[in-house]
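One structure is given here, and the rest of the page talks about it.
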Amino acid sequence: MIIVVMGISGSGKSTLGQLLAGRLNVPFEEGDAYHSSENVRKMAAGIPLTDADRKPWLESLARAMREWDGKGETRVLSCSSLRKSYRDIFRQASGNLRFIFLDGAKELVRARMAERQSHFMPVQLIESQIAALEVPDGEEDVIRIDISADPEAMAEELLGKLKALL
């Protein structure tokens, strides 16, 4: 199974993804690592990415998913997956996929982003992510979790839900 931890920047994708991967004893993949250097430069400069900018990134992630799926590997991947069309690209790459949607108060996300020291994504881009987010209501392969809980508690809750699917 490929588990995609999704949500806007600052929602805790990497933190929760690493916790889940550790508990499942599977590799964790940082979706941002698949961005081109041009995309990283744009985001670092405060320029929101367009769908055209994101397309090669999403295709790269989908190729990796096909490879992992083909080998029967379980992976945890952090990826914003903001739009349904992006999630559908991943669904075409793997039939054994679950999304974990990190949902919560935008004020909490803004506060987390303001505290970040070592990430290329500036706080001002959070508004473009909020605007781009298509909430995955009614998508059957999505588990929704509130980000206001402690990450350890969130990981335990999700672990129980995921183990029934593995």
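In the structure tokens, chains take the letters A, B, ... in the order shown, each chain's residues start at 1, and ligands count up from 1 in the order shown.
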Please build the interface table for range 125-152 of chain A against range 45-51 of chain A with a cut-off of 10 Å, listing for each qualifying residue the nearest atom pair and the distance in Å to one decimal; count only C-alpha atoms, order rows by chain and increasing number, and write it as a tab-separated table.
residue	atom	partner	partner_atom	distance
A:Leu125	CA	A:Gly46	CA	6.1
A:Ile126	CA	A:Pro48	CA	9.2
A:Glu127	CA	A:Pro48	CA	9.4
A:Ser128	CA	A:Pro48	CA	6.5
A:Gln129	CA	A:Pro48	CA	8.2
A:Ala132	CA	A:Thr50	CA	9.8
Residues within 9 Å of Asp32 in chain A, please, as a list in words. Count only C-alpha atoms; anything in the same chain fewer than 6 positions from it doesn't count. Val40, Trp57, Ser78, Cys79 and Ser80 of chain A
Next, write the just-selected residues to a file, as a short mmCIF file (atom, residue, chain, number, x, y, z; two decimals), in the first residue's frame, keeping N, CA and C atoms as the atom set.
data_model
loop_
_atom_site.label_atom_id
_atom_site.label_comp_id
_atom_site.auth_asym_id
_atom_site.auth_seq_id
_atom_site.Cartn_x
_atom_site.Cartn_y
_atom_site.Cartn_z
N VAL A 40 11.42 24.79 -6.49
CA VAL A 40 11.88 25.17 -5.17
C VAL A 40 12.28 26.65 -5.16
N TRP A 57 6.29 17.41 -11.46
CA TRP A 57 6.46 16.92 -10.08
C TRP A 57 5.49 15.78 -9.81
N SER A 78 4.74 12.02 1.83
CA SER A 78 4.12 13.32 2.12
C SER A 78 3.97 14.06 0.80
N CYS A 79 2.76 14.55 0.55
CA CYS A 79 2.50 15.29 -0.68
C CYS A 79 1.23 16.10 -0.48
N SER A 80 1.26 17.37 -0.80
CA SER A 80 0.10 18.22 -0.56
C SER A 80 -1.16 17.70 -1.24
#
Which residues come within 12 Å of Ser94 in chain A, counting only C-alpha atoms, excluding same-chain residues fewer than 4 positions away, as a list in words? Met1, Ile2, Ile3, Val4, Leu61, Ala62, Arg63, Ala64, Met65, Arg66, Glu67, Trp68, Asp69, Gly70, Lys71, Gly72, Glu73, Thr74, Arg75, Arg87, Asp88, Ile89, Phe90, Arg98, Phe99 and Asp141 of chain A
What's the separation between CA of Asn96 in chain A and CA of Pro56 in chain A, in Å to one decimal place?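 Going from CA of Asn96 in chain A over to CA of Pro56 in chain A covers 22.1 Å.
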DSSP says alpha helix (DSSP H) for which residues of range 33-101 of chain A? Put them as a CSV table (one decimal) with N, CA, C and O atoms, in the first residue's frame?
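Dumped everything to out_31.csv:
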chain,number,residue,atom,x,y,z
A,37,SER,N,14.4,21.9,-9.1
A,37,SER,CA,15.1,23.0,-8.5
A,37,SER,C,14.4,24.3,-8.8
A,37,SER,O,14.3,25.3,-8.0
A,38,GLU,N,13.8,24.4,-10.0
A,38,GLU,CA,13.1,25.6,-10.4
A,38,GLU,C,11.9,25.8,-9.6
A,38,GLU,O,11.6,27.0,-9.2
A,39,ASN,N,11.1,24.8,-9.3
A,39,ASN,CA,9.9,24.9,-8.4
A,39,ASN,C,10.3,25.3,-7.0
A,39,ASN,O,9.7,26.2,-6.4
A,40,VAL,N,11.4,24.8,-6.5
A,40,VAL,CA,11.9,25.2,-5.2
A,40,VAL,C,12.3,26.6,-5.2
A,40,VAL,O,11.9,27.4,-4.2
A,41,ARG,N,13.0,27.1,-6.2
A,41,ARG,CA,13.4,28.5,-6.3
A,41,ARG,C,12.1,29.4,-6.3
A,41,ARG,O,12.1,30.4,-5.7
A,42,LYS,N,11.1,29.0,-7.1
A,42,LYS,CA,9.9,29.8,-7.2
A,42,LYS,C,9.2,29.9,-5.8
A,42,LYS,O,8.9,31.0,-5.4
A,43,MET,N,9.1,28.8,-5.2
A,43,MET,CA,8.4,28.8,-3.9
A,43,MET,C,9.2,29.6,-2.9
A,43,MET,O,8.6,30.4,-2.1
A,44,ALA,N,10.5,29.4,-2.9
A,44,ALA,CA,11.4,30.2,-1.9
A,44,ALA,C,11.3,31.7,-2.1
A,44,ALA,O,11.4,32.5,-1.2
A,51,ASP,N,-0.4,24.9,-12.1
A,51,ASP,CA,-0.6,23.5,-12.4
A,51,ASP,C,0.5,23.1,-13.4
A,51,ASP,O,0.9,21.9,-13.3
A,52,ALA,N,0.9,23.9,-14.3
A,52,ALA,CA,2.0,23.6,-15.2
A,52,ALA,C,3.3,23.3,-14.5
A,52,ALA,O,4.0,22.4,-14.9
A,53,ASP,N,3.5,24.1,-13.5
A,53,ASP,CA,4.7,23.9,-12.6
A,53,ASP,C,4.7,22.5,-11.9
A,53,ASP,O,5.7,21.8,-11.8
A,54,ARG,N,3.5,22.2,-11.4
A,54,ARG,CA,3.3,21.0,-10.6
A,54,ARG,C,3.3,19.7,-11.4
A,54,ARG,O,3.5,18.6,-10.9
A,55,LYS,N,2.9,19.8,-12.7
A,55,LYS,CA,2.7,18.6,-13.5
A,55,LYS,C,3.9,17.7,-13.6
A,55,LYS,O,3.8,16.5,-13.3
A,56,PRO,N,5.1,18.2,-13.9
A,56,PRO,CA,6.3,17.2,-13.9
A,56,PRO,C,6.5,16.6,-12.5
A,56,PRO,O,7.0,15.5,-12.4
A,57,TRP,N,6.3,17.4,-11.5
A,57,TRP,CA,6.5,16.9,-10.1
A,57,TRP,C,5.5,15.8,-9.8
A,57,TRP,O,5.9,14.7,-9.3
A,58,LEU,N,4.2,16.0,-10.1
A,58,LEU,CA,3.2,15.0,-9.9
A,58,LEU,C,3.5,13.7,-10.8
A,58,LEU,O,3.4,12.6,-10.3
A,59,GLU,N,4.0,13.9,-12.0
A,59,GLU,CA,4.3,12.8,-12.8
A,59,GLU,C,5.5,12.0,-12.3
A,59,GLU,O,5.5,10.8,-12.3
A,60,SER,N,6.4,12.7,-11.7
A,60,SER,CA,7.6,12.0,-11.1
A,60,SER,C,7.2,11.2,-9.9
A,60,SER,O,7.6,10.1,-9.7
A,61,LEU,N,6.3,11.8,-9.1
A,61,LEU,CA,5.8,11.0,-7.9
A,61,LEU,C,4.9,9.8,-8.4
A,61,LEU,O,5.1,8.7,-7.8
A,62,ALA,N,4.2,10.0,-9.4
A,62,ALA,CA,3.4,8.9,-10.0
A,62,ALA,C,4.3,7.7,-10.5
A,62,ALA,O,4.0,6.6,-10.3
A,63,ARG,N,5.4,8.1,-11.2
A,63,ARG,CA,6.3,7.1,-11.6
A,63,ARG,C,6.9,6.3,-10.4
A,63,ARG,O,7.0,5.1,-10.5
A,64,ALA,N,7.2,7.0,-9.4
A,64,ALA,CA,7.8,6.3,-8.2
A,64,ALA,C,6.7,5.4,-7.6
A,64,ALA,O,7.0,4.3,-7.2
A,65,MET,N,5.5,5.9,-7.5
A,65,MET,CA,4.4,5.1,-7.0
A,65,MET,C,4.2,3.8,-7.8
A,65,MET,O,4.0,2.7,-7.2
A,66,ARG,N,4.3,3.9,-9.1
A,66,ARG,CA,4.1,2.7,-10.0
A,66,ARG,C,5.2,1.7,-9.7
A,66,ARG,O,5.0,0.5,-9.6
A,67,GLU,N,6.4,2.2,-9.5
A,67,GLU,CA,7.6,1.4,-9.2
A,67,GLU,C,7.4,0.7,-7.8
A,67,GLU,O,7.6,-0.5,-7.7
A,68,TRP,N,7.0,1.4,-6.8
A,68,TRP,CA,6.8,0.8,-5.5
A,68,TRP,C,5.7,-0.2,-5.5
A,68,TRP,O,5.8,-1.3,-5.0
A,69,ASP,N,4.6,0.2,-6.2
A,69,ASP,CA,3.5,-0.7,-6.3
A,69,ASP,C,3.9,-2.0,-7.0
A,69,ASP,O,3.5,-3.1,-6.6
A,70,GLY,N,4.6,-1.9,-8.1
A,70,GLY,CA,5.1,-3.0,-8.9
A,70,GLY,C,5.9,-4.0,-8.1
A,70,GLY,O,5.9,-5.2,-8.4
A,84,LYS,N,-8.2,17.5,-6.6
A,84,LYS,CA,-8.7,16.1,-6.9
A,84,LYS,C,-8.0,15.6,-8.1
A,84,LYS,O,-7.6,14.4,-8.2
A,85,SER,N,-7.7,16.4,-9.1
A,85,SER,CA,-7.0,16.0,-10.3
A,85,SER,C,-5.6,15.4,-10.0
A,85,SER,O,-5.2,14.5,-10.7
A,86,TYR,N,-5.0,16.0,-9.0
A,86,TYR,CA,-3.6,15.5,-8.6
A,86,TYR,C,-3.8,14.2,-8.0
A,86,TYR,O,-3.0,13.2,-8.3
A,87,ARG,N,-4.8,14.0,-7.1
A,87,ARG,CA,-5.0,12.7,-6.4
A,87,ARG,C,-5.4,11.7,-7.5
A,87,ARG,O,-5.0,10.5,-7.3
A,88,ASP,N,-6.1,12.1,-8.5
A,88,ASP,CA,-6.5,11.1,-9.6
A,88,ASP,C,-5.3,10.6,-10.3
A,88,ASP,O,-5.2,9.5,-10.8
A,89,ILE,N,-4.3,11.5,-10.5
A,89,ILE,CA,-3.0,11.1,-11.2
A,89,ILE,C,-2.4,9.9,-10.4
A,89,ILE,O,-1.9,8.9,-10.9
A,90,PHE,N,-2.4,10.1,-9.0
A,90,PHE,CA,-1.8,9.1,-8.2
A,90,PHE,C,-2.7,7.8,-8.2
A,90,PHE,O,-2.2,6.7,-8.1
A,91,ARG,N,-4.0,8.0,-8.2
A,91,ARG,CA,-4.9,6.8,-8.3
A,91,ARG,C,-4.7,6.0,-9.5
A,91,ARG,O,-4.8,4.8,-9.5
A,92,GLN,N,-4.3,6.6,-10.6
A,92,GLN,CA,-4.0,5.9,-11.9
A,92,GLN,C,-2.7,5.2,-11.8
A,92,GLN,O,-2.5,4.2,-12.4
A,93,ALA,N,-1.8,5.7,-10.9
A,93,ALA,CA,-0.5,5.1,-10.8
A,93,ALA,C,-0.5,3.8,-9.9
A,93,ALA,O,0.3,2.9,-10.0
Within 12 Å of Gly160 in chain A, counting only C-alpha atoms, which residues show up once you throw out same-chain ones fewer than 6 positions away? Write them as a list in words, please.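 Counting only C-alpha atoms, the residues come to Leu20, Arg23, Leu24, Ile143, Ala153, Met154 and Leu166 of chain A.
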May I have the selected residues written with C-alpha atoms, as a compact mmCIF listing (two decimals), in the first residue's frame?
# COMPACT_ATOMS: atom_id res chain seq x y z
CA LEU A 20 3.56 6.45 10.54
CA ARG A 23 5.48 2.55 13.29
CA LEU A 24 4.82 0.54 10.12
CA ILE A 143 -9.01 9.12 5.85
CA ALA A 153 -1.91 10.46 19.12
CA MET A 154 -2.73 11.09 15.47
CA LEU A 166 -2.69 -3.64 5.12
Residues of chain A classed as strand (DSSP E) by DSSP on the backbone are to be reported as a ChimeraX atom specification. /A:2-6,28-30,75-78,97-103,142-146
Please produce a file of the residues just selected, as a PDB file, in the first residue's frame, where the atoms kept are N, CA and C atoms.
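Output contents, as saved in result.pdb:
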ATOM      1  N   ILE A   2       0.415   2.258  -0.701  1.00  0.00           N
ATOM      2  CA  ILE A   2       1.072   3.558  -0.672  1.00  0.00           C
ATOM      3  C   ILE A   2       0.154   4.494   0.103  1.00  0.00           C
ATOM      4  N   ILE A   3       0.709   5.104   1.122  1.00  0.00           N
ATOM      5  CA  ILE A   3      -0.037   5.990   2.007  1.00  0.00           C
ATOM      6  C   ILE A   3       0.446   7.408   1.746  1.00  0.00           C
ATOM      7  N   VAL A   4      -0.446   8.258   1.246  1.00  0.00           N
ATOM      8  CA  VAL A   4      -0.100   9.639   0.937  1.00  0.00           C
ATOM      9  C   VAL A   4      -0.669  10.528   2.034  1.00  0.00           C
ATOM     10  N   VAL A   5       0.215  11.153   2.794  1.00  0.00           N
ATOM     11  CA  VAL A   5      -0.195  12.090   3.833  1.00  0.00           C
ATOM     12  C   VAL A   5      -0.302  13.451   3.153  1.00  0.00           C
ATOM     13  N   MET A   6      -1.524  13.983   3.086  1.00  0.00           N
ATOM     14  CA  MET A   6      -1.800  15.177   2.287  1.00  0.00           C
ATOM     15  C   MET A   6      -2.374  16.317   3.114  1.00  0.00           C
ATOM     16  N   PHE A  28       9.837   6.189   4.386  1.00  0.00           N
ATOM     17  CA  PHE A  28       9.128   7.462   4.260  1.00  0.00           C
ATOM     18  C   PHE A  28       9.747   8.226   3.100  1.00  0.00           C
ATOM     19  N   GLU A  29       8.896   8.789   2.264  1.00  0.00           N
ATOM     20  CA  GLU A  29       9.347   9.599   1.129  1.00  0.00           C
ATOM     21  C   GLU A  29       8.826  11.018   1.294  1.00  0.00           C
ATOM     22  N   GLU A  30       9.711  11.980   1.217  1.00  0.00           N
ATOM     23  CA  GLU A  30       9.346  13.391   1.300  1.00  0.00           C
ATOM     24  C   GLU A  30       8.988  13.873  -0.101  1.00  0.00           C
ATOM     25  N   ARG A  75       4.889   2.195   1.212  1.00  0.00           N
ATOM     26  CA  ARG A  75       5.610   3.452   1.442  1.00  0.00           C
ATOM     27  C   ARG A  75       4.654   4.464   2.035  1.00  0.00           C
ATOM     28  N   VAL A  76       5.213   5.384   2.788  1.00  0.00           N
ATOM     29  CA  VAL A  76       4.475   6.554   3.261  1.00  0.00           C
ATOM     30  C   VAL A  76       5.095   7.751   2.559  1.00  0.00           C
ATOM     31  N   LEU A  77       4.257   8.557   1.928  1.00  0.00           N
ATOM     32  CA  LEU A  77       4.694   9.698   1.131  1.00  0.00           C
ATOM     33  C   LEU A  77       3.988  10.957   1.615  1.00  0.00           C
ATOM     34  N   SER A  78       4.742  12.024   1.830  1.00  0.00           N
ATOM     35  CA  SER A  78       4.119  13.319   2.118  1.00  0.00           C
ATOM     36  C   SER A  78       3.967  14.059   0.800  1.00  0.00           C
ATOM     37  N   LEU A  97      -3.827   2.428  -2.762  1.00  0.00           N
ATOM     38  CA  LEU A  97      -3.455   3.757  -2.297  1.00  0.00           C
ATOM     39  C   LEU A  97      -4.458   4.244  -1.255  1.00  0.00           C
ATOM     40  N   ARG A  98      -3.940   4.932  -0.241  1.00  0.00           N
ATOM     41  CA  ARG A  98      -4.787   5.599   0.743  1.00  0.00           C
ATOM     42  C   ARG A  98      -4.227   6.996   0.978  1.00  0.00           C
ATOM     43  N   PHE A  99      -5.129   7.948   1.088  1.00  0.00           N
ATOM     44  CA  PHE A  99      -4.754   9.318   1.418  1.00  0.00           C
ATOM     45  C   PHE A  99      -5.129   9.580   2.864  1.00  0.00           C
ATOM     46  N   ILE A 100      -4.249  10.278   3.577  1.00  0.00           N
ATOM     47  CA  ILE A 100      -4.534  10.767   4.920  1.00  0.00           C
ATOM     48  C   ILE A 100      -4.631  12.282   4.786  1.00  0.00           C
ATOM     49  N   PHE A 101      -5.836  12.826   4.922  1.00  0.00           N
ATOM     50  CA  PHE A 101      -6.036  14.263   4.778  1.00  0.00           C
ATOM     51  C   PHE A 101      -5.914  14.939   6.126  1.00  0.00           C
ATOM     52  N   LEU A 102      -4.893  15.775   6.266  1.00  0.00           N
ATOM     53  CA  LEU A 102      -4.666  16.529   7.492  1.00  0.00           C
ATOM     54  C   LEU A 102      -5.472  17.818   7.407  1.00  0.00           C
ATOM     55  N   ASP A 103      -6.519  17.864   8.184  1.00  0.00           N
ATOM     56  CA  ASP A 103      -7.482  18.948   8.119  1.00  0.00           C
ATOM     57  C   ASP A 103      -7.469  19.701   9.442  1.00  0.00           C
ATOM     58  N   VAL A 142      -9.888   8.180   1.236  1.00  0.00           N
ATOM     59  CA  VAL A 142      -9.314   9.239   2.069  1.00  0.00           C
ATOM     60  C   VAL A 142      -9.751   9.060   3.518  1.00  0.00           C
ATOM     61  N   ILE A 143      -8.766   9.105   4.412  1.00  0.00           N
ATOM     62  CA  ILE A 143      -9.013   9.121   5.853  1.00  0.00           C
ATOM     63  C   ILE A 143      -8.718  10.539   6.319  1.00  0.00           C
ATOM     64  N   ARG A 144      -9.677  11.152   6.958  1.00  0.00           N
ATOM     65  CA  ARG A 144      -9.540  12.548   7.403  1.00  0.00           C
ATOM     66  C   ARG A 144      -9.179  12.558   8.886  1.00  0.00           C
ATOM     67  N   ILE A 145      -8.234  13.442   9.243  1.00  0.00           N
ATOM     68  CA  ILE A 145      -7.849  13.559  10.648  1.00  0.00           C
ATOM     69  C   ILE A 145      -7.604  15.026  10.979  1.00  0.00           C
ATOM     70  N   ASP A 146      -8.006  15.418  12.176  1.00  0.00           N
ATOM     71  CA  ASP A 146      -7.855  16.798  12.625  1.00  0.00           C
ATOM     72  C   ASP A 146      -6.428  17.024  13.111  1.00  0.00           C
TER      73      ASP A 146
END
Using only C-alpha atoms, which residue out of A:Val135, A:Ala155, A:Leu82, A:Ile130 lies closest to Ser14 in chain A? A:Ala155
I'd like the interatomic distance between CA of Gly7 in chain A and CA of Leu133 in chain A, to a tenth of an Å.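 Between CA of Gly7 in chain A and CA of Leu133 in chain A the gap is 7.9 Å.
Of the residues listed (A:Lys163, A:Ile147, A:Arg83, A:Glu152), A:Ile147 shows the shortest atom-to-atom separation from Gly10 in chain A; distances use only C-alpha atoms.
Computed from the coordinates, the CA of Leu16 in chain A to CA of Ser148 in chain A distance equals 12.3 Å.
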